[in-house]
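A short write-up of the structure that comes next.
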Amino acid sequence: MKYNIIMILVVAAGVMTCCSREKTPAWKPAENPLMTSWAETIDPSAPWPEYPRPALERNEWMNLNGMWDYAIGPKDAERPEPQGKILVPFPVESALSGVKKRLTDSLALWYSREFVLPKGWDDKRVIINFEASDWETTVWVDGTLAMTHRGGYDPFWGDITNNLSDKKNHTLVVKVTDPTDTGRQPRGKQVMKPGGIWYTPTSGIWQTVWLEPVGITWIGDLRVVPDIDNGTLHVTVIEERCQGGPEGCPPVDMAPSLAEITLLAEGRTVAVASGPTGSAVTLDVPDARLWSPDDPFLYDLKVKMVTGGQVADEVTSYAGMRKISLGITEDGFTRILLNNKFVWQNGPLDQGFWPDGLYTPPSDEAMKYDLEMLQKMGFNMLRKHVKVENRRFYYHTDRMGMIVWQDMPSGDDYIWGDKPDISKSAADSAMFMYELTRMIETRFNHPSIVMWVVYNEGWGQYNTPAVTGYVMAADTTRLVNSASGWTDRGTGHVLDIHHYPEPMVPEAEKGRAIVLGEFGGLGLPVQGHTWEQKNWGYEKMGDTTALLKKYTEFYAEVRQMVAEKGLSASVYTQTTDVETETNGLMTYDRKVDKMGFANVRKAMSGDRQ
């Protein structure tokens with residue numbers, strides 16, 4: 001099918017976004033038990049128009065979100081004819097995709113669309129980026145295989161320059177398969193038969209797809225490491241080079257390129273330094289303004305890469321000067337320290353599910369709303385539970401000053417009690433370690449992330465000491481929570497317990513901080529705002545008054561545990577209701593703040609005014 005495509009260039013705030021526009025076919029969400037208010041404002045010609053990677057931003061890019069053709073057919077069969085339209089980047093099971101069909105292990109989901117490259121890109125390498133696609137993704141451009149990828153949560157990219165034909169209209173075809181819980185890959189809480197604490201799966205493209213023009217060398221990534229004790233910031237520029245072979249790539253000087261880095265504070269230059277790509281460049285940051293929830297200050301970074309005496313690439317980024325560590329406070333307890341001081345980290349379990357978009361929020365505005373509400377309630381932290389969000393999420397937590405504990409999505413079998421770790425095949429272990437590594441690599445520069453949670457309880461827990469050691473070596477700038485819950489193996493930086501509904505505190509240790517990784521789960525269904533009539537909470541509350549009273553009592557106990565027992569952090573279950581769970585601070589559709597954010601803030605602070 002051919003399209004009449006008009007290229008529209010929108011230049012705003014120094015960023016050129018090129019979105020292919022056409023007469024958009026009629027789109028409407030599929031029927032659904034609940035919808036958020038943001039569903040009403042979605043523009044199907046340009047959903048999620050924001051730049052997807054704010055910590056490594058280029059001026060030129062082209063957003064490929066919008067209406068695509070789709071088809072579902074047998075996994076091993078040829079590509080079927082298009083069966084309708086799907087709104088990318090919403091998963092096929094979601095109402096906002098306009099499809100709302102379940103993908104099973106025997107089926108494949110096919111996407112297709114056309115695009116026209118903007119003028120000025122003719123002499124550039126063209127990179128295609130997928131912020132996330134669940135789970136195995138194969139991409140063809142102009143009928144030729146461009147790349148394959150396995151992984152449901154990590155961004156991936158490919159140089160498609162040599163796949164592009166001489167035609168003006170280019171074709172993009174994407175095939176996705178997803179075994180969900182019939183496979184052994186990391187999947188979090190996605191299951192084919194949702195119920196209880198398990199939810200509707202997400203399959204296919206579920207984050208932004210976009211194109212970027214680059215030269216024969218370009219900045220692939222940055223690694224930003226603050227050192228507040230010595231007043232320095234270390235920045236490594238990771239260089240990528242054209243790999244298209246002699247027919248597609250001009251000769252490239254094999255010497256590393258030069259990275260030129262400028263650090264700015266509110267427009268004022270603080271430091272300038274340069275060095276070879278692939279090596280850390282050190283910038284002095286005297287009297288650094290430290291990042292914290294009370295003052296989430298971010299320095300700006302301007303990065304240039306010079307190859308053969310010419311500027312080959314330029315990006316902008318940012319950095320937060322902060323330190324997370326363990327230390328013994330004056331009361332003799334080993335606690336979690338932020339910038340060498342104890343700060344009680346208090347947050348909700350944040351699952352990141354949406355009634356209309358499932359894994360994908362309806363919009364960037366919707367995603368920010370959750371964070372804004374949590375801050376109004378008085379939380380300074382959240383635990384992102386067995387899901388990895390898009391990189392704009394962590395940009396917002398960086399900018400707003402919300403501390404993040406980041407879980408690795410779980411999979412495989414589950415251990416209940418103190419049973420030995422499960423066994424994994426070499427292939428399953430390799431897949432888990434790959435996705436774990438990619439989570440760390442792609443979220444490494446976000447100052448708001450202070451802890452990696454390797455396992456939740458006994459979900460897929462295997463070879464715990466070795467995997468924990470791997471994470472501790474891969475990222476020495478953060479703490480590692482080996483297992484949040486009741487399958488502690490004595491490893492990592494914290495001893496983390498779960499207890500429902502009332503809070504509990506483990507015995508203090510000298511070598512590790514003690515934290516309460518989950519508690520609460522007080523359930524209150526709100527008529528007209530539930531996923532199903534049948535719902536549950538760890539403890540059901542009769543009304544808002546009873547809920548607030550119990551919540552206040554719980555937090556009085558938590559504050560005492562922090563003051564007298566050495567507790568460093570607490571995680572309340574949870575931000576919102578999710579499907580049949582009604583233990584959220586807000587309803588699943590985000591339309592009801594059950595206790596009122598001011599009341600929640602007072603309850604947690606002990607303020608009686």
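A note on labels: chains of the structure tokens are A, B, ... as shown, every chain counts residues from 1, and ligands are counted from 1 in their shown order.
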Mind checking which residues fall within 8 Å of A:Met402, counting only C-alpha atoms, ignoring those fewer than 6 positions away in the same chain, and posting them as a list in words?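 The filter keeps Pro293, Leu371, Gln375, Asn380, Met381, Leu382 and Ser448 of chain A.
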Could you write out, as number ranges by chain, all the residues of stretch 323-469 of chain A that DSSP marks as alpha helix (DSSP H)? A: 364-377, 391-400, 426-443, 464-469
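Taking atom CA of A:Val450 and atom CA of A:Lys387 as endpoints, the distance between them is 16.0 Å.
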Between A:Ser97, A:Ser317, A:Thr202, A:Ser279, which has the minimum distance to A:Tyr299 (counting only C-alpha atoms)?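 Counting only C-alpha atoms, the residue closest to A:Tyr299 is A:Ser317.
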Surrounding residues of A:His499 excluding itself and chain neighbours under 3 positions, 9 Å, only C-alpha atoms, as a CSV table (one decimal) with C-alpha atoms, in the first residue's frame:
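Below is the file selection_7.csv, written as the result:
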```csv
chain,number,residue,atom,x,y,z
A,485,GLY,CA,12.0,-9.9,50.2
A,502,GLU,CA,1.7,-4.0,59.0
A,503,PRO,CA,5.3,-2.8,58.9
A,504,MET,CA,8.1,-4.8,60.4
A,505,VAL,CA,11.8,-4.2,60.8
A,516,LEU,CA,11.4,-2.6,54.5
A,517,GLY,CA,11.1,-3.3,50.8
A,518,GLU,CA,7.3,-3.8,50.9
A,519,PHE,CA,4.5,-3.4,53.4
A,520,GLY,CA,0.9,-2.0,53.5
```
So the first atom is atom CA of A:His170 and the second is atom CA of A:Val126; what is the distance between them in Å, to one decimal place? 12.4 Å
For stretch 236-244 of chain A, please output as a VMD selection string all residues within 7 Å (counting only C-alpha atoms; exclusion window: fewer than 3 positions along the same chain). chain A and resid 162 216 to 224 248 to 249 259 277 to 281
